[in-house]
$ cat start-v7.cif   # mmCIF, C-alpha atoms
data_final
loop_
_atom_site.label_atom_id
_atom_site.label_comp_id
_atom_site.auth_asym_id
_atom_site.auth_seq_id
_atom_site.Cartn_x
_atom_site.Cartn_y
_atom_site.Cartn_z
CA MET G 1 109.64 129.44 85.19
CA THR G 2 112.88 129.07 87.06
CA ILE G 3 114.00 125.77 88.59
CA THR G 4 116.25 125.89 91.64
CA ARG G 5 117.30 123.62 94.44
CA LEU G 6 115.17 124.46 97.47
CA THR G 7 116.91 125.52 100.67
CA PRO G 8 115.73 125.60 104.29
CA GLY G 9 114.45 129.13 103.64
CA ASP G 10 111.90 127.61 101.23
CA ALA G 11 110.58 125.12 103.80
CA GLU G 12 107.26 126.88 104.46
CA ALA G 13 106.39 127.15 100.75
CA TYR G 14 107.47 123.53 100.20
CA ARG G 15 105.43 122.29 103.17
CA THR G 16 102.33 124.19 101.99
CA LEU G 17 102.61 122.85 98.44
CA MET G 18 103.15 119.25 99.52
CA LEU G 19 100.29 119.29 102.03
CA GLN G 20 98.09 120.56 99.20
CA GLY G 21 99.24 117.67 97.00
CA TYR G 22 98.65 115.10 99.74
CA ALA G 23 95.13 116.48 100.30
CA LEU G 24 94.08 116.79 96.65
CA HIS G 25 95.78 113.64 95.31
CA PRO G 26 96.05 111.13 98.17
CA GLU G 27 96.39 108.24 95.69
CA ALA G 28 99.61 109.73 94.32
CA PHE G 29 101.66 109.85 97.52
CA THR G 30 102.71 107.39 100.19
CA ALA G 31 102.62 110.23 102.75
CA SER G 32 99.41 111.85 103.96
CA VAL G 33 98.31 115.14 105.45
CA ALA G 34 97.63 113.32 108.73
CA GLU G 35 101.21 112.04 108.81
CA ARG G 36 103.12 115.09 107.52
CA GLY G 37 100.90 117.96 108.63
CA PRO G 38 101.86 117.75 112.33
CA LEU G 39 105.60 117.53 111.61
CA PRO G 40 107.56 120.57 112.79
CA LEU G 41 108.98 122.97 110.23
CA SER G 42 112.42 121.65 111.24
CA TRP G 43 111.56 118.33 109.54
CA TRP G 44 110.97 120.19 106.27
CA HIS G 45 114.18 122.21 106.81
CA GLN G 46 116.13 118.97 107.18
CA ARG G 47 114.87 117.68 103.84
CA LEU G 48 116.16 120.85 102.19
CA GLN G 49 119.69 120.89 103.58
CA PRO G 50 122.20 122.27 101.08
CA GLY G 51 125.54 120.78 100.20
CA PRO G 52 126.92 118.36 97.64
CA GLU G 53 126.88 115.42 100.05
CA ALA G 54 123.23 115.74 101.15
CA HIS G 55 121.32 112.48 100.76
CA GLU G 56 118.17 114.31 99.64
CA MET G 57 117.43 117.38 97.58
CA VAL G 58 114.25 118.97 96.35
CA LEU G 59 114.02 121.04 93.19
CA GLY G 60 111.38 123.70 92.90
CA ALA G 61 109.88 125.46 89.91
CA TRP G 62 109.11 129.11 90.55
CA ALA G 63 106.57 131.32 88.80
CA GLY G 64 107.83 134.66 90.05
CA ASN G 65 107.97 134.22 93.82
CA GLN G 66 105.36 131.42 93.89
CA LEU G 67 106.45 127.80 94.20
CA ALA G 68 104.72 126.17 91.20
CA GLY G 69 106.03 122.61 91.36
CA VAL G 70 108.50 120.32 93.11
CA ALA G 71 110.38 117.07 92.63
CA GLY G 72 112.70 115.39 95.11
CA LEU G 73 115.75 113.23 94.65
CA SER G 74 117.05 110.85 97.29
CA PHE G 75 120.50 109.32 96.96
CA GLU G 76 121.08 105.86 98.38
CA PRO G 77 123.85 106.04 101.01
CA ARG G 78 124.49 102.31 101.43
CA GLU G 79 127.64 100.96 99.79
CA ARG G 80 125.99 98.27 97.67
CA SER G 81 123.15 100.43 96.39
CA ARG G 82 124.95 103.77 96.11
CA HIS G 83 124.48 103.58 92.34
CA LYS G 84 120.73 104.28 92.73
CA ALA G 85 118.72 107.43 93.40
CA THR G 86 114.96 107.81 93.81
CA LEU G 87 112.75 110.54 92.39
CA PHE G 88 110.09 111.33 95.01
CA GLY G 89 107.40 113.87 95.84
CA MET G 90 106.74 115.13 92.31
CA TYR G 91 103.87 117.61 92.39
CA VAL G 92 102.65 120.37 90.09
CA PRO G 93 99.34 122.04 91.08
CA ALA G 94 96.56 122.06 88.47
CA GLN G 95 96.94 125.78 87.66
CA HIS G 96 100.56 125.19 86.53
CA ARG G 97 100.04 122.00 84.50
CA GLN G 98 100.11 121.63 80.70
CA ARG G 99 103.08 124.02 80.42
CA GLY G 100 105.89 121.49 80.32
CA LEU G 101 106.79 122.18 83.93
CA GLY G 102 106.63 118.53 85.00
CA ARG G 103 109.01 117.55 82.20
CA GLN G 104 111.40 120.36 83.17
CA LEU G 105 111.40 119.19 86.78
CA VAL G 106 112.05 115.55 85.85
CA GLN G 107 114.85 116.56 83.48
CA ALA G 108 116.37 118.77 86.18
CA VAL G 109 116.25 115.86 88.65
CA LEU G 110 117.99 113.61 86.11
CA ALA G 111 120.64 116.29 85.52
CA GLN G 112 121.29 116.48 89.27
CA ALA G 113 121.59 112.69 89.46
CA ARG G 114 124.09 112.68 86.60
CA GLN G 115 126.32 115.06 88.58
CA ARG G 116 126.87 112.43 91.28
CA PRO G 117 129.72 110.20 90.08
CA ASP G 118 128.39 107.00 91.70
CA THR G 119 124.78 107.40 90.56
CA LEU G 120 123.94 105.25 87.54
CA LEU G 121 120.14 105.15 87.63
CA VAL G 122 117.07 106.87 89.02
CA GLN G 123 113.98 104.96 90.04
CA LEU G 124 110.46 106.03 90.99
CA THR G 125 106.98 104.75 91.59
CA VAL G 126 103.83 106.12 89.99
CA THR G 127 100.23 105.22 90.76
CA ALA G 128 98.95 102.53 88.40
CA GLY G 129 96.36 104.05 86.09
CA ASN G 130 97.88 107.55 86.15
CA ALA G 131 98.48 107.56 82.40
CA ALA G 132 99.56 111.21 82.24
CA ALA G 133 102.31 110.74 84.84
CA GLN G 134 103.46 107.43 83.34
CA SER G 135 103.64 109.06 79.91
CA LEU G 136 105.64 111.99 81.30
CA TYR G 137 108.16 109.67 82.94
CA ALA G 138 108.41 107.42 79.86
CA GLY G 139 109.04 110.51 77.72
CA CYS G 140 111.96 111.36 80.00
CA GLY G 141 113.53 107.91 79.60
CA PHE G 142 111.96 105.90 82.44
CA VAL G 143 111.03 102.28 81.78
CA PRO G 144 108.53 100.27 83.87
CA PHE G 145 109.87 97.12 85.52
CA GLY G 146 106.99 95.92 87.65
CA THR G 147 103.78 96.73 89.45
CA GLU G 148 103.41 96.51 93.20
CA PRO G 149 99.83 95.57 94.10
CA HIS G 150 98.34 97.05 97.27
CA ALA G 151 101.29 99.45 97.53
CA VAL G 152 99.42 102.22 99.34
CA GLN G 153 96.36 101.97 101.53
CA LEU G 154 93.78 104.60 100.69
CA GLY G 155 90.80 104.51 103.02
CA ALA G 156 89.35 101.02 102.88
CA GLY G 157 91.06 100.26 99.56
CA TYR G 158 94.52 100.09 98.05
CA VAL G 159 96.29 101.44 95.01
CA ALA G 160 99.03 99.76 93.02
CA LYS G 161 102.33 101.45 92.13
CA VAL G 162 104.24 101.00 88.89
CA HIS G 163 108.00 100.89 89.44
CA MET G 164 110.08 102.65 86.77
CA TRP G 165 113.77 103.30 86.28
CA CYS G 166 115.96 105.46 84.08
CA ASP G 167 119.49 104.56 83.01
CA LEU G 168 121.65 107.70 83.28
CA GLY G 169 123.89 106.46 80.46
CA LYS G 170 127.09 106.49 82.49
CA ARG G 171 128.28 102.96 81.75
CA PRO G 172 128.95 101.98 78.15
CA GLY G 173 126.81 99.06 77.06
CA TRP G 174 124.72 99.03 80.23
CA SER G 175 120.99 99.55 79.69
CA SER G 176 117.58 98.08 80.19
#

$ encode --input "start-v7.cif" --output "structure tokens"
Amino acid sequence: MTITRLTPGDAEAYRTLMLQGYALHPEAFTASVAERGPLPLSWWHQRLQPGPEAHEMVLGAWAGNQLAGVAGLSFEPRERSRHKATLFGMYVPAQHRQRGLGRQLVQAVLAQARQRPDTLLVQLTVTAGNAAAQSLYAGCGFVPFGTEPHAVQLGAGYVAKVHMWCDLGKRPGWSS
């Protein structure tokens, strides 16, 4: 497996993989196929813009020429919260799981966050009850700090999201 930063040329593969994730695991994402499916390919291109000052990036894991997993990182542009980034859109299809790929993607996201001088922490949300994902994130240094009830509407019901954060270790003496 090779992990690279996706570029606009990868937009079709990224779109296809994410729409699959939204369809198969609607409880895991705040976006849905109904919301993202109709978006033009240009929307997906925009999310994958290159450059060191981009506010978002998506890393992809490749098995040969097949996109086998993704994880996004969004940097907060506002002055008072510029020290935070958010891991989003983590998805590894079932046929590529149990190979350490998720851990590699999370570690690659954290490495990218550490490269930004102002970024001190990465946060994320994970569906409450998804023990495998919570364990993965905890193993990579994320700590839960609260649960948001009714975070995502799913049909007639709702799912809760656990908020987690990871200290990037850039400030001496600053930790959870």

$ residues_around --input "start-v7.cif" --residues "Leu120 (chain G)" --least-positions-apart "4" --cutoff "7 Å" --atoms "all atoms listed in the file" --output "MDAnalysis selection string"
chainID G and resid 83:84 167:168 170

$ resolve_selection --input "start-v7.cif" --expression "the PyMOL selection byres ((chain G and resi 42-49) around 9)" --output "list of chain:residue names"
G:Arg5, G:Leu6, G:Thr7, G:Pro8, G:Gly9, G:Asp10, G:Ala11, G:Glu12, G:Tyr14, G:Arg15, G:Leu39, G:Pro40, G:Leu41, G:Pro50, G:Gly51, G:Ala54, G:His55, G:Glu56, G:Met57, G:Val58

$ residues_around --input "start-v7.cif" --residues "Thr127 (chain G)" --least-positions-apart "3" --cutoff "8 Å" --atoms "all atoms listed in the file" --output "list in words"
Glu27, Ala28, Asn130, Val159, Ala160, Lys161 and Val162 of chain G

$ residues_around --input "start-v7.cif" --residues "Gln95 (chain G)" --least-positions-apart "3" --cutoff "9 Å" --atoms "all atoms listed in the file" --output "ChimeraX atom specification"
/G:68,92,98

$ closest_residue --input "start-v7.cif" --among "G:Gly72, G:Gly139, G:Gly169, G:Gly60" --to "Thr2 (chain G)" --atoms "all atoms listed in the file"
G:Gly60

$ closest_residue --input "start-v7.cif" --among "G:Pro26, G:Gly102, G:Val33, G:Phe142" --to "Tyr158 (chain G)" --atoms "all atoms listed in the file"
G:Pro26

$ residues_near_point --input "start-v7.cif" --point "(108.5, 123.5, 81.2)" --cutoff "12 Å" --atoms "all atoms listed in the file" --output "MDAnalysis selection string"
chainID G and resid 1:3 61:63 68:69 92 96:108 136

$ closest_residue --input "start-v7.cif" --among "G:Phe145, G:Tyr137, G:Phe75, G:Trp165" --to "Met90 (chain G)" --atoms "only C-alpha atoms"
G:Tyr137

$ closest_residue --input "start-v7.cif" --among "G:Ala138, G:Val143, G:Ala23, G:Leu73" --to "Arg114 (chain G)" --atoms "only C-alpha atoms"
G:Leu73

$ atom_distance --input "start-v7.cif" --atom1 "CA of Ser81 (chain G)" --atom2 "CA of Ala113 (chain G)"
14.2 Å

$ closest_residue --input "start-v7.cif" --among "G:Ala13, G:Val126, G:Ala111, G:Leu87" --to "Asn65 (chain G)" --atoms "only C-alpha atoms"
G:Ala13

$ atom_distance --input "start-v7.cif" --atom1 "CA of Pro38 (chain G)" --atom2 "CA of Ala128 (chain G)"
28.5 Å

$ atom_distance --input "start-v7.cif" --atom1 "CA of Ala132 (chain G)" --atom2 "CA of Arg116 (chain G)"
28.8 Å

$ residues_around --input "start-v7.cif" --residues "Tyr91 (chain G)" --least-positions-apart "5" --cutoff "7 Å" --atoms "all atoms listed in the file" --output "PyMOL selection string"
chain G and resi 21+69-71

$ residues_near_point --input "start-v7.cif" --point "(102.6, 117.9, 106.3)" --cutoff "6 Å" --atoms "only C-alpha atoms" --output "ChimeraX atom specification"
/G:19,33,36-37

$ decode --input "start-v7.cif" --residues "region 109-158 of chain G" --atoms "N, CA and C atoms" --output "mmCIF file, in the first residue's frame"
data_model
loop_
_atom_site.group_PDB
_atom_site.id
_atom_site.type_symbol
_atom_site.label_atom_id
_atom_site.label_comp_id
_atom_site.auth_asym_id
_atom_site.auth_seq_id
_atom_site.Cartn_x
_atom_site.Cartn_y
_atom_site.Cartn_z
ATOM 1 N N VAL G 109 -2.244 11.269 8.396
ATOM 2 C CA VAL G 109 -2.972 12.520 8.643
ATOM 3 C C VAL G 109 -2.295 13.296 9.777
ATOM 4 N N LEU G 110 -1.944 12.605 10.845
ATOM 5 C CA LEU G 110 -1.280 13.273 11.970
ATOM 6 C C LEU G 110 0.076 13.843 11.543
ATOM 7 N N ALA G 111 0.800 13.120 10.705
ATOM 8 C CA ALA G 111 2.089 13.621 10.207
ATOM 9 C C ALA G 111 1.890 14.888 9.380
ATOM 10 N N GLN G 112 0.846 14.913 8.556
ATOM 11 C CA GLN G 112 0.555 16.118 7.769
ATOM 12 C C GLN G 112 0.204 17.288 8.686
ATOM 13 N N ALA G 113 -0.575 17.031 9.722
ATOM 14 C CA ALA G 113 -0.957 18.089 10.656
ATOM 15 C C ALA G 113 0.275 18.644 11.373
ATOM 16 N N ARG G 114 1.206 17.771 11.722
ATOM 17 C CA ARG G 114 2.422 18.220 12.414
ATOM 18 C C ARG G 114 3.275 19.136 11.535
ATOM 19 N N GLN G 115 3.137 19.023 10.227
ATOM 20 C CA GLN G 115 3.927 19.856 9.315
ATOM 21 C C GLN G 115 3.442 21.302 9.267
ATOM 22 N N ARG G 116 2.230 21.556 9.711
ATOM 23 C CA ARG G 116 1.709 22.922 9.751
ATOM 24 C C ARG G 116 2.135 23.555 11.066
ATOM 25 N N PRO G 117 2.913 24.620 11.011
ATOM 26 C CA PRO G 117 3.463 25.211 12.245
ATOM 27 C C PRO G 117 2.410 25.610 13.279
ATOM 28 N N ASP G 118 1.267 26.117 12.852
ATOM 29 C CA ASP G 118 0.252 26.593 13.793
ATOM 30 C C ASP G 118 -0.634 25.490 14.363
ATOM 31 N N THR G 119 -0.602 24.305 13.780
ATOM 32 C CA THR G 119 -1.529 23.246 14.175
ATOM 33 C C THR G 119 -0.999 22.484 15.385
ATOM 34 N N LEU G 120 -1.767 22.532 16.474
ATOM 35 C CA LEU G 120 -1.372 21.894 17.726
ATOM 36 C C LEU G 120 -2.167 20.640 18.050
ATOM 37 N N LEU G 121 -3.358 20.498 17.443
ATOM 38 C CA LEU G 121 -4.188 19.336 17.752
ATOM 39 C C LEU G 121 -5.069 18.983 16.559
ATOM 40 N N VAL G 122 -5.473 17.723 16.549
ATOM 41 C CA VAL G 122 -6.416 17.226 15.543
ATOM 42 C C VAL G 122 -7.604 16.663 16.296
ATOM 43 N N GLN G 123 -8.790 16.997 15.826
ATOM 44 C CA GLN G 123 -10.008 16.481 16.436
ATOM 45 C C GLN G 123 -10.787 15.669 15.403
ATOM 46 N N LEU G 124 -11.753 14.899 15.879
ATOM 47 C CA LEU G 124 -12.599 14.094 15.004
ATOM 48 C C LEU G 124 -13.858 13.719 15.755
ATOM 49 N N THR G 125 -14.823 13.193 15.019
ATOM 50 C CA THR G 125 -15.970 12.559 15.649
ATOM 51 C C THR G 125 -16.081 11.148 15.089
ATOM 52 N N VAL G 126 -16.554 10.252 15.935
ATOM 53 C CA VAL G 126 -16.752 8.856 15.551
ATOM 54 C C VAL G 126 -18.105 8.426 16.113
ATOM 55 N N THR G 127 -18.812 7.621 15.362
ATOM 56 C CA THR G 127 -20.134 7.172 15.788
ATOM 57 C C THR G 127 -20.048 6.398 17.102
ATOM 58 N N ALA G 128 -20.844 6.812 18.072
ATOM 59 C CA ALA G 128 -20.896 6.110 19.361
ATOM 60 C C ALA G 128 -21.270 4.654 19.108
ATOM 61 N N GLY G 129 -20.561 3.753 19.747
ATOM 62 C CA GLY G 129 -20.817 2.328 19.572
ATOM 63 C C GLY G 129 -19.929 1.672 18.532
ATOM 64 N N ASN G 130 -19.194 2.459 17.745
ATOM 65 C CA ASN G 130 -18.276 1.895 16.758
ATOM 66 C C ASN G 130 -16.948 1.627 17.469
ATOM 67 N N ALA G 131 -16.912 0.512 18.193
ATOM 68 C CA ALA G 131 -15.762 0.184 19.041
ATOM 69 C C ALA G 131 -14.481 0.028 18.233
ATOM 70 N N ALA G 132 -14.552 -0.546 17.052
ATOM 71 C CA ALA G 132 -13.346 -0.749 16.242
ATOM 72 C C ALA G 132 -12.720 0.589 15.862
ATOM 73 N N ALA G 133 -13.540 1.536 15.421
ATOM 74 C CA ALA G 133 -13.016 2.851 15.030
ATOM 75 C C ALA G 133 -12.490 3.599 16.250
ATOM 76 N N GLN G 134 -13.228 3.573 17.357
ATOM 77 C CA GLN G 134 -12.773 4.256 18.561
ATOM 78 C C GLN G 134 -11.444 3.678 19.043
ATOM 79 N N SER G 135 -11.292 2.374 18.966
ATOM 80 C CA SER G 135 -10.051 1.723 19.368
ATOM 81 C C SER G 135 -8.899 2.129 18.443
ATOM 82 N N LEU G 136 -9.164 2.185 17.158
ATOM 83 C CA LEU G 136 -8.147 2.628 16.201
ATOM 84 C C LEU G 136 -7.666 4.029 16.551
ATOM 85 N N TYR G 137 -8.607 4.948 16.733
ATOM 86 C CA TYR G 137 -8.240 6.332 17.036
ATOM 87 C C TYR G 137 -7.511 6.434 18.375
ATOM 88 N N ALA G 138 -7.979 5.717 19.383
ATOM 89 C CA ALA G 138 -7.315 5.743 20.695
ATOM 90 C C ALA G 138 -5.886 5.219 20.572
ATOM 91 N N GLY G 139 -5.697 4.178 19.768
ATOM 92 C CA GLY G 139 -4.362 3.620 19.557
ATOM 93 C C GLY G 139 -3.419 4.569 18.845
ATOM 94 N N CYS G 140 -3.976 5.566 18.180
ATOM 95 C CA CYS G 140 -3.175 6.578 17.484
ATOM 96 C C CYS G 140 -3.017 7.851 18.315
ATOM 97 N N GLY G 141 -3.503 7.830 19.558
ATOM 98 C CA GLY G 141 -3.299 8.957 20.461
ATOM 99 C C GLY G 141 -4.498 9.855 20.685
ATOM 100 N N PHE G 142 -5.650 9.524 20.116
ATOM 101 C CA PHE G 142 -6.848 10.345 20.323
ATOM 102 C C PHE G 142 -7.507 10.006 21.653
ATOM 103 N N VAL G 143 -8.042 11.042 22.296
ATOM 104 C CA VAL G 143 -8.691 10.908 23.598
ATOM 105 C C VAL G 143 -10.121 11.451 23.473
ATOM 106 N N PRO G 144 -11.121 10.700 23.975
ATOM 107 C CA PRO G 144 -12.497 11.227 23.913
ATOM 108 C C PRO G 144 -12.688 12.394 24.881
ATOM 109 N N PHE G 145 -13.508 13.364 24.484
ATOM 110 C CA PHE G 145 -13.791 14.474 25.398
ATOM 111 C C PHE G 145 -15.266 14.789 25.496
ATOM 112 N N GLY G 146 -16.104 13.989 24.899
ATOM 113 C CA GLY G 146 -17.538 14.195 25.052
ATOM 114 C C GLY G 146 -18.310 13.433 24.000
ATOM 115 N N THR G 147 -19.593 13.283 24.264
ATOM 116 C CA THR G 147 -20.482 12.614 23.315
ATOM 117 C C THR G 147 -21.619 13.562 22.976
ATOM 118 N N GLU G 148 -21.849 13.718 21.694
ATOM 119 C CA GLU G 148 -22.925 14.574 21.202
ATOM 120 C C GLU G 148 -24.139 13.702 20.884
ATOM 121 N N PRO G 149 -25.187 13.793 21.687
ATOM 122 C CA PRO G 149 -26.387 12.996 21.394
ATOM 123 C C PRO G 149 -27.094 13.544 20.160
ATOM 124 N N HIS G 150 -27.782 12.699 19.461
ATOM 125 C CA HIS G 150 -28.569 13.108 18.292
ATOM 126 C C HIS G 150 -27.729 13.907 17.292
ATOM 127 N N ALA G 151 -26.498 13.516 17.091
ATOM 128 C CA ALA G 151 -25.580 14.269 16.229
ATOM 129 C C ALA G 151 -25.956 14.163 14.754
ATOM 130 N N VAL G 152 -26.424 13.007 14.342
ATOM 131 C CA VAL G 152 -26.741 12.771 12.931
ATOM 132 C C VAL G 152 -28.092 12.083 12.838
ATOM 133 N N GLN G 153 -28.956 12.631 12.015
ATOM 134 C CA GLN G 153 -30.248 11.990 11.794
ATOM 135 C C GLN G 153 -30.064 10.876 10.774
ATOM 136 N N LEU G 154 -30.607 9.728 11.092
ATOM 137 C CA LEU G 154 -30.509 8.563 10.229
ATOM 138 C C LEU G 154 -31.901 7.962 10.114
ATOM 139 N N GLY G 155 -32.591 8.261 9.017
ATOM 140 C CA GLY G 155 -33.974 7.839 8.873
ATOM 141 C C GLY G 155 -34.813 8.519 9.928
ATOM 142 N N ALA G 156 -35.571 7.727 10.672
ATOM 143 C CA ALA G 156 -36.423 8.278 11.727
ATOM 144 C C ALA G 156 -35.689 8.381 13.063
ATOM 145 N N GLY G 157 -34.441 7.899 13.105
ATOM 146 C CA GLY G 157 -33.687 7.916 14.348
ATOM 147 C C GLY G 157 -32.464 8.816 14.272
ATOM 148 N N TYR G 158 -31.647 8.729 15.301
ATOM 149 C CA TYR G 158 -30.451 9.556 15.409
ATOM 150 C C TYR G 158 -29.308 8.707 15.947
#
